[in-house]
Amino acid sequence: MNGVAANLQQAYPKDYPPSIDYSMATSSLEEDLTYNARPTMLVLLGAAGFVLLIACANVANLNLSRMVRRERELAVRAALGAGRVRMFRQLLTESSLLALLGGGLGLMFSWGALNLLMSFAARFTPRAREIHLDATVLLFTLAVAVLTSLLSGTAPALAARETVVGSLKEGGPQSTIGRGRHRMRSLLIMAQVAVSFLLLIGAGLMLRSFANLQHVDPGFQPENVLTMQIGLDFTKYNTDDKQRAFFETFLDKVGAQSGVKSAAASMMIPLNGDMHMTGDFMIEGQTPVPGQVHPISDFRVVSDGYFETLHIPVLQGRAFTRADRPGTPPVAVVNRAAARHYWGGQDPLGKRFSADAGKSWVQIAGVVGDVKQYGLDKDAVDEIYLPMAQNPLMDAVLVIKTTAEPMSVARSIIELLYAVDPNQPVARVRSLEQVRAESVAAPRLTTNLLGLFALLALAIAATGIGGVMALAVGQRRHEIGVRMAIGARPTEILRMILRQGMALVLFGVAFGLLGALGLTRLLQQLLFEVAPTDPLTYVGVALVLGFAGLVACYVPARRAARVDPIVALRAE
């Protein structure tokens with residue numbers, strides 16, 4: 001491609017000045033088709049992995065606490081000759097069976113949800129229909145199940161080594177947990193909280209980003225605007241006059257329809273960049289220096305009434321009228337960005353430019369507000385609007401301002417079209433509000449999914465903390481009974497359990513904060529007007545997670561405060 005560019009530059013030196021580099025930049029088709037999907041899919045993959053880690057830590061913690069109830073069983077096995085490897089293999093086998101069954105159930109669920117995944121992925125890449133369950137997916141599921149069994153089964157299996165000798169001596173259901181196991185249990189709780197904090201931070205940042213996106217001013221008013229696409233048959237409308245006459249006749253009939261305020265046509269509608277026309281032009285009085293690149297702008301062809309229908313403000317001069325027709329001086333309207341960019345502090349009204357190397361000149365008649373053409377998260381581009389009467393279109397999108405819900409008048413507009421031309425088809429009938437909603441559908445779905453993962457992680461972590469604290473209280477029943485027998489009050493017991501549980505939660509939040517400061521920068525590409533270190537989000541998530549941890553610790557702590565010392569000591 002660079003060779004082709006060099007040959008063109010040599011063959012046409014006037015069109016390709018030697019002072020400018022015309023080398024080509026190429027990219028693979030696969031990269032082009034999946035570029036938009038990769039960041040979102042990787043973030044969601046990471047979120048799913050974090051949820052899996054929290055679940056593994058939760059199961060491992062519960063298994064670790066269950067080991068206390070199985071101390072005597074494991075000690076008897078050891079006394080009968082079972083070695084550490086044999087018991088390790090037994091515990092790992094138990095967790096592996098559960099993990100494989102869980103993986104199988106997850107695979108069945110994913111089979112049923114495959115269409116949902118394809119619909120979601122279609123927002124980012126045209127290759128979504130290629131998604132299917134194959135041998136790679138099955139092997140991946142098996143690998144995840146094996147990894148899950150290792151993560152959730154290794155910790156309690158290793159901790160079981162402490163129970164071989166002392167358990168037969170101590171015996172009894174109220175044996176206390178060993179120091180090593182207590183440390184591992186605490187680390188697992190902190191890990192759950194830390195990973196939950198990471199997911200909640202990601203979801204919080206995406207939620208704030210989406211809220212900012214929703215409040216962006218698109219530069220037009222989409223409310224009560226119906227859109228429909230009309231492509232003319234060239235064999236029938238093969239001249240500019242026929243094309244112009246069709247749209248003008250039809251727009252006049254639509255404008256006179258009951259329930260319609262105004263109607264116009266355009267080569268494209270905002271927030272739907274299926275079609276755009278970009279070109280360079282010359283500004284009168286600005287002689288380009290040899291080798292200098294000409295000004296470049298997006299060109300839009302619209303009919304009169306377009307700015308009025310979409311409530312795009314006219315800042316200077318005037319909008320197009322029916323008087324802007326063939327035979328009259330060519331006119332154009334520029335947006336504020338183009339006026340500022342190319343005419344600076346000068347008044348652009350009355351200035352002229354040429355899009356055909358000076359063969360004809362177009363005069364600027366007005367300046368309108370900027371419109372978000374390619375997305376609410378994209379800056380407004382330089383735009384030059386041309387009147388449809390002077391630049392007829394074969395394919396146009398109608399925008400119709402209605403007094404009622406737009407889709408309620410769609411049928412009558414289509415019937416009116418068939419009355420003008422019974423063979424003329426219409427496509428993509430929808431409201432402009434639907435177009436606006438579809439433009440933010442991808443970030444909305446990503447935010448919802450990430451929020452779902454975060455809430456799931458929060459629920460798993462809170463349940464795990466509550467379950468582990470409840471088991472710990474049950475194992476310390478005798479100790480609590482002794483404390484209360486020698487004068488400890490229920491409020492002191494409540495504070496003690498809450499303090500111990502909340503200390504683990506706060507340490508987990510601190511570790512999660514350190515991780516979030518590094519990992520959330522990976523979300524930078526998906527965020528809109530929100531910093532990855534947004535303090536409001538961090539404080540809010542810390543409060544939510546702290547409150548969830550407090551509730552999870554309070555229930556077993558309250559149960560501990562109600563322990564009857566006589567019953568506890570008698571049971572011992």
# chains A, B, ... in the order shown; residues from 1 in each chain; ligands from 1
$ residues_around --residues "range 205-214 of chain A" --least-positions-apart "4" --cutoff "7 Å" --atoms "only C-alpha atoms" --output "VMD selection string"
chain A and resid 201 376 to 377 443 to 444 447 527 to 530 537
$ write_last_selection --atoms "N, CA and C atoms" --output "PDB file, in the first residue's frame"
ATOM      1  N   ILE A 201     -16.291  -0.647  43.231  1.00  0.00           N
ATOM      2  CA  ILE A 201     -15.684   0.580  42.702  1.00  0.00           C
ATOM      3  C   ILE A 201     -15.871   0.644  41.192  1.00  0.00           C
ATOM      4  N   LEU A 376     -22.907  10.516  22.303  1.00  0.00           N
ATOM      5  CA  LEU A 376     -22.942  11.503  23.382  1.00  0.00           C
ATOM      6  C   LEU A 376     -21.586  11.676  24.048  1.00  0.00           C
ATOM      7  N   ASP A 377     -20.739  10.663  23.940  1.00  0.00           N
ATOM      8  CA  ASP A 377     -19.412  10.749  24.552  1.00  0.00           C
ATOM      9  C   ASP A 377     -18.367  11.308  23.590  1.00  0.00           C
ATOM     10  N   PRO A 443     -23.081   1.165  26.755  1.00  0.00           N
ATOM     11  CA  PRO A 443     -22.646   1.494  28.123  1.00  0.00           C
ATOM     12  C   PRO A 443     -23.695   1.163  29.173  1.00  0.00           C
ATOM     13  N   ARG A 444     -24.998   1.245  28.807  1.00  0.00           N
ATOM     14  CA  ARG A 444     -26.033   0.900  29.784  1.00  0.00           C
ATOM     15  C   ARG A 444     -25.952  -0.586  30.135  1.00  0.00           C
ATOM     16  N   THR A 447     -22.841  -1.291  32.210  1.00  0.00           N
ATOM     17  CA  THR A 447     -23.033  -0.829  33.582  1.00  0.00           C
ATOM     18  C   THR A 447     -23.940  -1.785  34.344  1.00  0.00           C
ATOM     19  N   LEU A 527     -14.875   5.067  30.713  1.00  0.00           N
ATOM     20  CA  LEU A 527     -15.473   6.093  31.566  1.00  0.00           C
ATOM     21  C   LEU A 527     -15.709   7.383  30.789  1.00  0.00           C
ATOM     22  N   PHE A 528     -16.676   8.146  31.246  1.00  0.00           N
ATOM     23  CA  PHE A 528     -17.007   9.424  30.605  1.00  0.00           C
ATOM     24  C   PHE A 528     -17.125  10.486  31.690  1.00  0.00           C
ATOM     25  N   GLU A 529     -16.198  11.435  31.664  1.00  0.00           N
ATOM     26  CA  GLU A 529     -16.174  12.563  32.592  1.00  0.00           C
ATOM     27  C   GLU A 529     -16.139  12.110  34.051  1.00  0.00           C
ATOM     28  N   VAL A 530     -15.478  10.994  34.305  1.00  0.00           N
ATOM     29  CA  VAL A 530     -15.270  10.500  35.673  1.00  0.00           C
ATOM     30  C   VAL A 530     -13.836  10.017  35.772  1.00  0.00           C
ATOM     31  N   THR A 537     -16.986   8.291  44.617  1.00  0.00           N
ATOM     32  CA  THR A 537     -17.282   6.873  44.415  1.00  0.00           C
ATOM     33  C   THR A 537     -16.579   6.017  45.456  1.00  0.00           C
TER      34      THR A 537
END
$ residues_around --residues "Ser186 in chain A" --least-positions-apart "2" --cutoff "12 Å" --atoms "only C-alpha atoms" --output "ChimeraX atom specification"
/A:57-58,60-62,64-65,177,179-184,188-193,464-465,468-469,472,500-508
$ closest_residue --among "A:His478, A:Arg495, A:Arg123, A:His294" --to "Ala357 in chain A" --atoms "only C-alpha atoms"
A:His294
$ atom_distance --atom1 "CA of Ala437 in chain A" --atom2 "CA of Ser303 in chain A"
25.1 Å
$ select_by_dssp --residues "range 26-166 of chain A" --states "alpha helix (DSSP H)" --output "PyMOL selection string"
chain A and resi 29-34+37-69+71-79+84-112+114-121+135-159+163-166
$ select_by_dssp --residues "range 306-543 of chain A" --states "strand (DSSP E or B)" --output "JSON, numbers by chain"
{"A": [314, 315, 316, 317, 331, 332, 333, 334, 335, 352, 353, 354, 362, 363, 364, 365, 366, 367, 368, 383, 384, 385, 386, 387, 395, 396, 397, 398, 399, 400, 401, 402, 427, 428, 429, 430, 431]}
$ residues_around --residues "Phe50 in chain A" --least-positions-apart "2" --cutoff "10 Å" --atoms "only C-alpha atoms" --output "list of chain:residue names"
A:Leu44, A:Leu45, A:Gly46, A:Ala47, A:Ala48, A:Leu52, A:Leu53, A:Ile54, A:Ala55, A:Cys56, A:Gln192, A:Val195, A:Ser196, A:Leu198, A:Leu199, A:Phe453, A:Ala454, A:Ala457
$ write_last_selection --atoms "all heavy atoms" --output "compact mmCIF listing (two decimals), in the first residue's frame"
# COMPACT_ATOMS: atom_id res chain seq x y z
N LEU A 44 -15.58 -7.29 31.74
CA LEU A 44 -16.60 -8.21 32.25
C LEU A 44 -15.99 -9.57 32.59
O LEU A 44 -16.43 -10.23 33.54
CB LEU A 44 -17.72 -8.36 31.22
CG LEU A 44 -18.55 -7.10 30.98
CD1 LEU A 44 -19.60 -7.35 29.92
CD2 LEU A 44 -19.20 -6.62 32.27
N LEU A 45 -15.01 -10.00 31.81
CA LEU A 45 -14.32 -11.24 32.13
C LEU A 45 -13.60 -11.12 33.48
O LEU A 45 -13.65 -12.04 34.31
CB LEU A 45 -13.31 -11.59 31.03
CG LEU A 45 -12.48 -12.85 31.25
CD1 LEU A 45 -13.37 -14.08 31.30
CD2 LEU A 45 -11.43 -13.01 30.17
N GLY A 46 -12.95 -9.98 33.70
CA GLY A 46 -12.30 -9.75 34.99
C GLY A 46 -13.30 -9.73 36.12
O GLY A 46 -13.05 -10.28 37.21
N ALA A 47 -14.47 -9.09 35.89
CA ALA A 47 -15.50 -9.04 36.93
C ALA A 47 -16.01 -10.43 37.27
O ALA A 47 -16.18 -10.79 38.45
CB ALA A 47 -16.65 -8.15 36.47
N ALA A 48 -16.24 -11.25 36.22
CA ALA A 48 -16.69 -12.62 36.46
C ALA A 48 -15.63 -13.42 37.21
O ALA A 48 -15.95 -14.22 38.11
CB ALA A 48 -17.02 -13.29 35.13
N LEU A 52 -15.92 -15.21 40.92
CA LEU A 52 -15.53 -16.60 41.14
C LEU A 52 -14.54 -16.70 42.30
O LEU A 52 -14.63 -17.61 43.13
CB LEU A 52 -14.93 -17.17 39.86
CG LEU A 52 -14.48 -18.63 39.93
CD1 LEU A 52 -15.66 -19.54 40.18
CD2 LEU A 52 -13.77 -19.04 38.64
N LEU A 53 -13.58 -15.78 42.37
CA LEU A 53 -12.61 -15.79 43.47
C LEU A 53 -13.31 -15.59 44.82
O LEU A 53 -12.97 -16.24 45.81
CB LEU A 53 -11.57 -14.70 43.26
CG LEU A 53 -10.48 -14.99 42.21
CD1 LEU A 53 -9.59 -13.77 42.03
CD2 LEU A 53 -9.65 -16.19 42.63
N ILE A 54 -14.29 -14.66 44.85
CA ILE A 54 -15.01 -14.42 46.11
C ILE A 54 -15.77 -15.68 46.51
O ILE A 54 -15.79 -16.06 47.69
CB ILE A 54 -15.97 -13.22 45.94
CG1 ILE A 54 -15.18 -11.94 45.70
CG2 ILE A 54 -16.86 -13.07 47.16
CD1 ILE A 54 -16.04 -10.75 45.34
N ALA A 55 -16.41 -16.33 45.52
CA ALA A 55 -17.15 -17.55 45.83
C ALA A 55 -16.21 -18.64 46.34
O ALA A 55 -16.52 -19.36 47.30
CB ALA A 55 -17.90 -18.02 44.59
N CYS A 56 -15.03 -18.76 45.71
CA CYS A 56 -14.04 -19.75 46.16
C CYS A 56 -13.58 -19.45 47.58
O CYS A 56 -13.46 -20.36 48.43
CB CYS A 56 -12.85 -19.78 45.21
SG CYS A 56 -13.21 -20.47 43.58
N GLN A 192 -12.14 -11.58 50.48
CA GLN A 192 -13.49 -11.41 49.95
C GLN A 192 -13.89 -9.94 49.94
O GLN A 192 -14.42 -9.44 48.95
CB GLN A 192 -14.49 -12.20 50.81
CG GLN A 192 -14.50 -13.67 50.55
CD GLN A 192 -15.54 -14.36 51.42
OE1 GLN A 192 -15.28 -14.71 52.56
NE2 GLN A 192 -16.72 -14.54 50.87
N VAL A 195 -11.84 -7.91 47.22
CA VAL A 195 -12.28 -8.12 45.84
C VAL A 195 -13.67 -7.52 45.62
O VAL A 195 -13.95 -6.95 44.57
CB VAL A 195 -12.26 -9.63 45.51
CG1 VAL A 195 -12.80 -9.85 44.10
CG2 VAL A 195 -10.85 -10.18 45.61
N SER A 196 -14.54 -7.63 46.63
CA SER A 196 -15.86 -7.00 46.53
C SER A 196 -15.72 -5.50 46.38
O SER A 196 -16.46 -4.86 45.61
CB SER A 196 -16.70 -7.33 47.76
OG SER A 196 -16.92 -8.71 47.88
N LEU A 198 -13.24 -3.92 44.98
CA LEU A 198 -12.81 -3.65 43.60
C LEU A 198 -14.00 -3.64 42.64
O LEU A 198 -14.14 -2.74 41.80
CB LEU A 198 -11.80 -4.71 43.16
CG LEU A 198 -10.38 -4.61 43.70
CD1 LEU A 198 -9.58 -5.83 43.29
CD2 LEU A 198 -9.70 -3.35 43.21
N LEU A 199 -14.86 -4.66 42.75
CA LEU A 199 -16.00 -4.73 41.85
C LEU A 199 -16.99 -3.60 42.09
O LEU A 199 -17.53 -3.03 41.13
CB LEU A 199 -16.71 -6.08 42.04
CG LEU A 199 -16.03 -7.28 41.39
CD1 LEU A 199 -16.80 -8.55 41.70
CD2 LEU A 199 -15.94 -7.10 39.88
N PHE A 453 -22.69 -8.02 38.74
CA PHE A 453 -21.55 -8.73 39.30
C PHE A 453 -21.17 -8.17 40.67
O PHE A 453 -20.86 -8.93 41.60
CB PHE A 453 -20.34 -8.63 38.36
CG PHE A 453 -20.41 -9.56 37.18
CD1 PHE A 453 -20.13 -9.11 35.90
CD2 PHE A 453 -20.75 -10.89 37.33
CE1 PHE A 453 -20.20 -9.96 34.81
CE2 PHE A 453 -20.83 -11.75 36.25
CZ PHE A 453 -20.55 -11.28 34.99
N ALA A 454 -21.17 -6.85 40.79
CA ALA A 454 -20.79 -6.22 42.04
C ALA A 454 -21.78 -6.55 43.16
O ALA A 454 -21.39 -6.85 44.30
CB ALA A 454 -20.68 -4.70 41.86
N ALA A 457 -21.26 -10.09 44.16
CA ALA A 457 -20.07 -10.20 45.00
C ALA A 457 -20.34 -9.69 46.41
O ALA A 457 -19.90 -10.29 47.40
CB ALA A 457 -18.92 -9.39 44.37
$ residues_around --residues "Lys378 in chain A" --least-positions-apart "4" --cutoff "10 Å" --atoms "only C-alpha atoms" --output "list of chain:residue names"
A:Leu271, A:Lys372, A:Gln373, A:Tyr374, A:Phe528
$ write_last_selection --atoms "all heavy atoms" --output "PDB file, in the first residue's frame"
ATOM      1  N   LEU A 271     -26.588  10.969  16.175  1.00  0.00           N
ATOM      2  CA  LEU A 271     -26.341   9.775  16.999  1.00  0.00           C
ATOM      3  C   LEU A 271     -26.491   8.485  16.222  1.00  0.00           C
ATOM      4  O   LEU A 271     -26.646   7.417  16.797  1.00  0.00           O
ATOM      5  CB  LEU A 271     -27.278   9.747  18.214  1.00  0.00           C
ATOM      6  CG  LEU A 271     -27.212  10.966  19.135  1.00  0.00           C
ATOM      7  CD1 LEU A 271     -28.212  10.831  20.257  1.00  0.00           C
ATOM      8  CD2 LEU A 271     -25.816  11.144  19.689  1.00  0.00           C
ATOM      9  N   LYS A 372     -24.223  16.552  18.698  1.00  0.00           N
ATOM     10  CA  LYS A 372     -23.455  15.318  18.899  1.00  0.00           C
ATOM     11  C   LYS A 372     -23.889  14.311  17.835  1.00  0.00           C
ATOM     12  O   LYS A 372     -24.877  13.607  17.988  1.00  0.00           O
ATOM     13  CB  LYS A 372     -23.724  14.756  20.291  1.00  0.00           C
ATOM     14  CG  LYS A 372     -23.379  15.698  21.431  1.00  0.00           C
ATOM     15  CD  LYS A 372     -21.915  15.629  21.773  1.00  0.00           C
ATOM     16  CE  LYS A 372     -21.603  16.415  23.033  1.00  0.00           C
ATOM     17  NZ  LYS A 372     -20.203  16.329  23.438  1.00  0.00           N
ATOM     18  N   GLN A 373     -23.137  14.223  16.762  1.00  0.00           N
ATOM     19  CA  GLN A 373     -23.539  13.372  15.649  1.00  0.00           C
ATOM     20  C   GLN A 373     -23.143  11.913  15.849  1.00  0.00           C
ATOM     21  O   GLN A 373     -23.873  11.002  15.459  1.00  0.00           O
ATOM     22  CB  GLN A 373     -22.912  13.890  14.345  1.00  0.00           C
ATOM     23  CG  GLN A 373     -23.395  15.271  13.915  1.00  0.00           C
ATOM     24  CD  GLN A 373     -24.795  15.256  13.329  1.00  0.00           C
ATOM     25  OE1 GLN A 373     -25.422  14.224  13.209  1.00  0.00           O
ATOM     26  NE2 GLN A 373     -25.296  16.438  12.975  1.00  0.00           N
ATOM     27  N   TYR A 374     -21.982  11.667  16.449  1.00  0.00           N
ATOM     28  CA  TYR A 374     -21.442  10.309  16.480  1.00  0.00           C
ATOM     29  C   TYR A 374     -21.479   9.666  17.858  1.00  0.00           C
ATOM     30  O   TYR A 374     -20.910   8.606  18.057  1.00  0.00           O
ATOM     31  CB  TYR A 374     -19.999  10.316  15.954  1.00  0.00           C
ATOM     32  CG  TYR A 374     -19.911  10.795  14.527  1.00  0.00           C
ATOM     33  CD1 TYR A 374     -19.329  12.021  14.215  1.00  0.00           C
ATOM     34  CD2 TYR A 374     -20.430  10.033  13.499  1.00  0.00           C
ATOM     35  CE1 TYR A 374     -19.252  12.468  12.903  1.00  0.00           C
ATOM     36  CE2 TYR A 374     -20.354  10.469  12.187  1.00  0.00           C
ATOM     37  CZ  TYR A 374     -19.769  11.681  11.889  1.00  0.00           C
ATOM     38  OH  TYR A 374     -19.712  12.106  10.588  1.00  0.00           O
ATOM     39  N   PHE A 528     -16.676   8.146  31.246  1.00  0.00           N
ATOM     40  CA  PHE A 528     -17.007   9.424  30.605  1.00  0.00           C
ATOM     41  C   PHE A 528     -17.125  10.486  31.690  1.00  0.00           C
ATOM     42  O   PHE A 528     -18.017  10.425  32.546  1.00  0.00           O
ATOM     43  CB  PHE A 528     -18.320   9.313  29.824  1.00  0.00           C
ATOM     44  CG  PHE A 528     -18.774  10.608  29.209  1.00  0.00           C
ATOM     45  CD1 PHE A 528     -18.088  11.155  28.134  1.00  0.00           C
ATOM     46  CD2 PHE A 528     -19.875  11.292  29.713  1.00  0.00           C
ATOM     47  CE1 PHE A 528     -18.491  12.351  27.572  1.00  0.00           C
ATOM     48  CE2 PHE A 528     -20.287  12.484  29.159  1.00  0.00           C
ATOM     49  CZ  PHE A 528     -19.586  13.018  28.086  1.00  0.00           C
TER      50      PHE A 528
END
$ atom_distance --atom1 "CA of Ala75 in chain A" --atom2 "CA of Asn63 in chain A"
16.7 Å
$ residues_around --residues "Met118 in chain A" --least-positions-apart "2" --cutoff "8 Å" --atoms "only C-alpha atoms" --output "PyMOL selection string"
chain A and resi 114-116+120-122+128-129+131
$ closest_residue --among "A:Ala365, A:Leu471, A:Ala135, A:Leu200" --to "Leu543 in chain A" --atoms "only C-alpha atoms"
A:Leu200
$ residues_around --residues "Leu147 in chain A" --least-positions-apart "4" --cutoff "10 Å" --atoms "only C-alpha atoms" --output "ChimeraX atom specification"
/A:56,96,99,141-143,151-153
$ write_last_selection --atoms "N, CA and C atoms" --output "compact mmCIF listing (two decimals), in the first residue's frame"
# COMPACT_ATOMS: atom_id res chain seq x y z
N CYS A 56 -15.03 -18.76 45.71
CA CYS A 56 -14.04 -19.75 46.16
C CYS A 56 -13.58 -19.45 47.58
N SER A 96 -13.68 -31.18 44.61
CA SER A 96 -13.66 -31.32 43.15
C SER A 96 -15.02 -31.77 42.62
N ALA A 99 -17.28 -28.83 42.71
CA ALA A 99 -16.92 -27.85 41.69
C ALA A 99 -17.33 -28.32 40.30
N THR A 141 -14.46 -24.49 30.65
CA THR A 141 -15.33 -24.73 31.81
C THR A 141 -14.73 -25.78 32.72
N LEU A 142 -14.18 -26.85 32.14
CA LEU A 142 -13.54 -27.90 32.94
C LEU A 142 -12.34 -27.34 33.70
N ALA A 143 -11.54 -26.52 33.01
CA ALA A 143 -10.37 -25.93 33.67
C ALA A 143 -10.79 -25.02 34.82
N LEU A 151 -8.82 -24.02 44.54
CA LEU A 151 -8.87 -22.83 45.38
C LEU A 151 -9.71 -23.04 46.63
N SER A 152 -10.85 -23.71 46.47
CA SER A 152 -11.76 -23.87 47.60
C SER A 152 -11.45 -25.08 48.47
N GLY A 153 -10.70 -26.04 47.91
CA GLY A 153 -10.42 -27.25 48.67
C GLY A 153 -9.04 -27.34 49.25
$ closest_residue --among "A:Gly83, A:Lys401, A:Leu138, A:Ala485" --to "Gly103 in chain A" --atoms "only C-alpha atoms"
A:Leu138
$ closest_residue --among "A:Gly327, A:Ala552, A:Glu30, A:Ile283" --to "Trp361 in chain A" --atoms "only C-alpha atoms"
A:Ile283
